[in-house]
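Asker: Structure below; questions to follow.
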Amino acid sequence: MLDHLVGKPSSNFKRTQILLTLVFGGYFAMCGKTNQLPQFIQKLNRKAGQAPWRVALGTWLLFYLSQNVLLLVGLNAPDPLSRLYKRSFYRATWILTALDAGFFTAMPFKPLWLRHVLSLIFSAYYLVFADSAEEKVRKTRATISIEQMRTSWEKVHQNPILGFVSSLLRPHLSIRDIINIDRPSYHSDLPHIEVYRYYINPSATFADHDTILLQFPGGGFVSMPPPCHEDALAAWAKHTGLPVFSVNYKKAPEYPYPWPIDECFDLYISIIESNGQVLGLSGEKKLQIIFIGDSAGGNITAAVTLKILAHNQQLASKIDPTATLSTTSTESFTGTFTMTPQQVKPRNPLDSVLPMPIGLILIYPALDFEMSCWMSPSQLSLIRAESNTALFRSSSLDSLWQTKDHLSHASPLSVVPDLEKKQSLWRRALGLKPTLKQRMADRAHPIRDQIQTKEAWATARLAMTSRMSFFNDRIITPDLMRAMAILYLGPHASPDFDNDYLLSPVNAPEDLLAHFPKTYMICGEKDPLVDDTVIFAGCIRQAKRKYRQNNPLDQDFPTGDGVRVKFLEGISHAFLQMMPFLPEAHQATRTIGDWIIELANTSHQVKSDHHVAEIITSEKDMIHRRKQQLVTGLF
């Protein structure tokens with residue numbers, strides 16, 4: 001337990017814990033007095049003989065010593081997680097693992113009130129016996145069921161005691177309620193959509209807003225409704241002052257792919273069609289929407305955006321094959337086709353162009369369902385090319401690239417530096433320093449120095465995906481990823497992983513990614529899904545750059561990369577679920593809040609100059625199209 005409190009797996013801390021237990025236990029067994037024991041133990045002691053408690057305690061100490069003798073003499077196996085995570089994150093996962101183990105243990109109890117109480121009691125037990133908690137969780141996840149997944153991930157929502165304590169840590173909201181929104185006319189026979197609303201300012205000002213945050217919550221596509229995300233949702237409501245909406249889309253396996261995407265797409269159309277009135281807004285101002293999603297919700301966020309782009313592209317090709325997409329507004333898009341509302345009378349919402357969200361925020365998103373062990377050459381080339389740009393504003397990309405240089409470590413399976421051995425605590429305490437020969441031997445590479453040169457490794461085309469590199473992750477394991485994929489795809493699925501970009505947005509075509517709204521992405525450096533963030537961001541950037549090269553006369557196309565990425569050093573998946581005990585989660589939440597404010601302010605600046613754009617849009621677009629046709633005819 002000591003190493004978990006400190007936040008770093010360490011044989012030295014475990015060794016110290018064992019020695020302290022043996023010393024205090026042995027002293028108590030030899031010098032302890034019977035009359036100082038609890039009364040019920042004294043009664044048992046009198047019935048059994050003179051001092052059987054000493055025999056029992058001594059026997060337990062001998063058994064404890066035999067279980068840990070190899071650790072005491074330094075012959076234990078090295079801990080694979082000793083350098084992987086930051087101390088604060090490792091400590092947070094210790095608490096989360098203890099809670100998971102406690103809730104798993106209490107599941108067989110049928111009375112609901114008893115299960116709630118025992119869940120916390122067992123969790124407290126597993127906080128002390130952390131190794132037992134890890135073993136319990138590991139065995140449960142090996143054959144995990146949908147009930148166990150929902151019990152593990154919806155702890156705060158299901159347990160009233162834990163929920164009450166968690167609510168004390170959140171800011172007070174003036175609006176926190178649930179509304180039901182009907183589907184659009186073409187899906188009027190389907191169930192309504194449940195949406196949670198969060199707002200911190202006086203409720204009288206709610207309807208006046210023209211910018212909202214629409215969240216698609218994560219949860220492996222199978223669990224975690226909006227209440228499980230309220231720590232972050234309430235923080236964003238307070239930080240930005242905007243109305244925050246979270247969609248309780250229906251989950252697999254009851255509603256497999258593509259139901260959640262279609263449901264969220266229908267919600268977006270209902271909001272756009274009413275200009276926000278279905279959400280309780282006035283509808284008098286043009287609505288600006290910011291999408292946000294984490295984990296599986298990031299997948300749905302990207303998929304809904306791609307579906308909007310594909311719809312607009314399909315509509316554009318029907319009206320004018322030479323037309324181009326516009327991501328800024330329906331007015332500029334309509335000007336491209338020289339249409340007016342009087343000329344086009346839509347029979348349903350899908351007959352008209354859909355405005356794009358003003359921005360996206362993807363938080364450790366799951367964007368690729370092809371769970372391969374190896375990265376493709378194109379993916380490696382993309383990461384290598386983008387590593388030399390300013391796209392990834394963090395030194396963590398260097399660390400990510402090192403994890404894929406497998407033979408630069410003593411073990412080809414290691415994802416952290418492991419060549420230089422650290423001195424033990426005992427040698428440092430005694431002042432024993434390694435000799436120069438020992439230090440040189442530690443730095444020598446057993447494979448790389450003997451086979452190839454450094455330049456050869458720099459151009460290696462063989463690297464494992466982050467899903468395989470971080471196989472031992474404490475949050476999202478391969479067992480969980482397999483279970484989520486099977487449940488989400490359903491029993492009758494025949495997915496096309498290479499071409500179905502709604503399932504795997506990393507495979508989206510360049511002509512759609514080029515018109516993606518401004519996108520912010522944040523992910524843990526040690527997340528098994530970190531490759532998805534790197535590859536998707538690189539694809540967006542390259543698609544936009546290629547569009548500018550092919551369409552140099554399109555002055556309406558936004559400048560810049562259109563995507564920003566931030567990595568959190570030493571952090572893995574689901575850090576927003578650890579806000580009560582992870583300081584980095586609060587920092588990430590504030591960063592995301594700043595991004596939301598930046599998107600909202602940028603949108604308002606564009607709207608302030610919109611009256612000028614209305615005057616010149618049609619003529620400007622017409623000239624632009626004629627120039628493009630002329631250039632195309634020449635070549």
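Identifiers in this document derive from the order of the structure tokens: chains are assigned A, B, ..., residues are numbered from 1 separately in each chain, and ligands are numbered from 1 in order of occurrence.
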Compile the contact shell of Pro258 (chain A) as a count of residues only: residues with an atom at most 9 Å away, counting only C-alpha atoms, same-chain residues fewer than 3 positions apart removed.
Answerer: 8
Asker: Excluding Pro191 (chain A) and residues on its chain fewer than 5 positions from it, collect all residues at most 12 Å away from it, counting only C-alpha atoms, and give them as a count of residues only.
Answerer: 12
Asker: From the DSSP assignment of the backbone, select every residue of region 506-570 of chain A that is alpha helix (DSSP H), and format the answer as a list in words.
Answerer: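 Assigned to alpha helix (DSSP H), within region 506-570 of chain A: Glu510, Asp511, Leu512, Leu513, Val530, Asp531, Asp532, Thr533, Val534, Ile535, Phe536, Ala537, Gly538, Cys539, Ile540, Arg541, Gln542, Ala543, Lys544, Arg545, Lys546, Tyr547, Arg548, Gln549 and Asn550 of chain A.
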Asker: Can you work out which one of A:Tyr547, A:Pro253, A:Pro355, A:Leu279 has the shortest atom-to-atom distance to Gly490 (chain A), counting only C-alpha atoms?
Answerer: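 Closest to Gly490 (chain A) of all the choices is A:Pro253.
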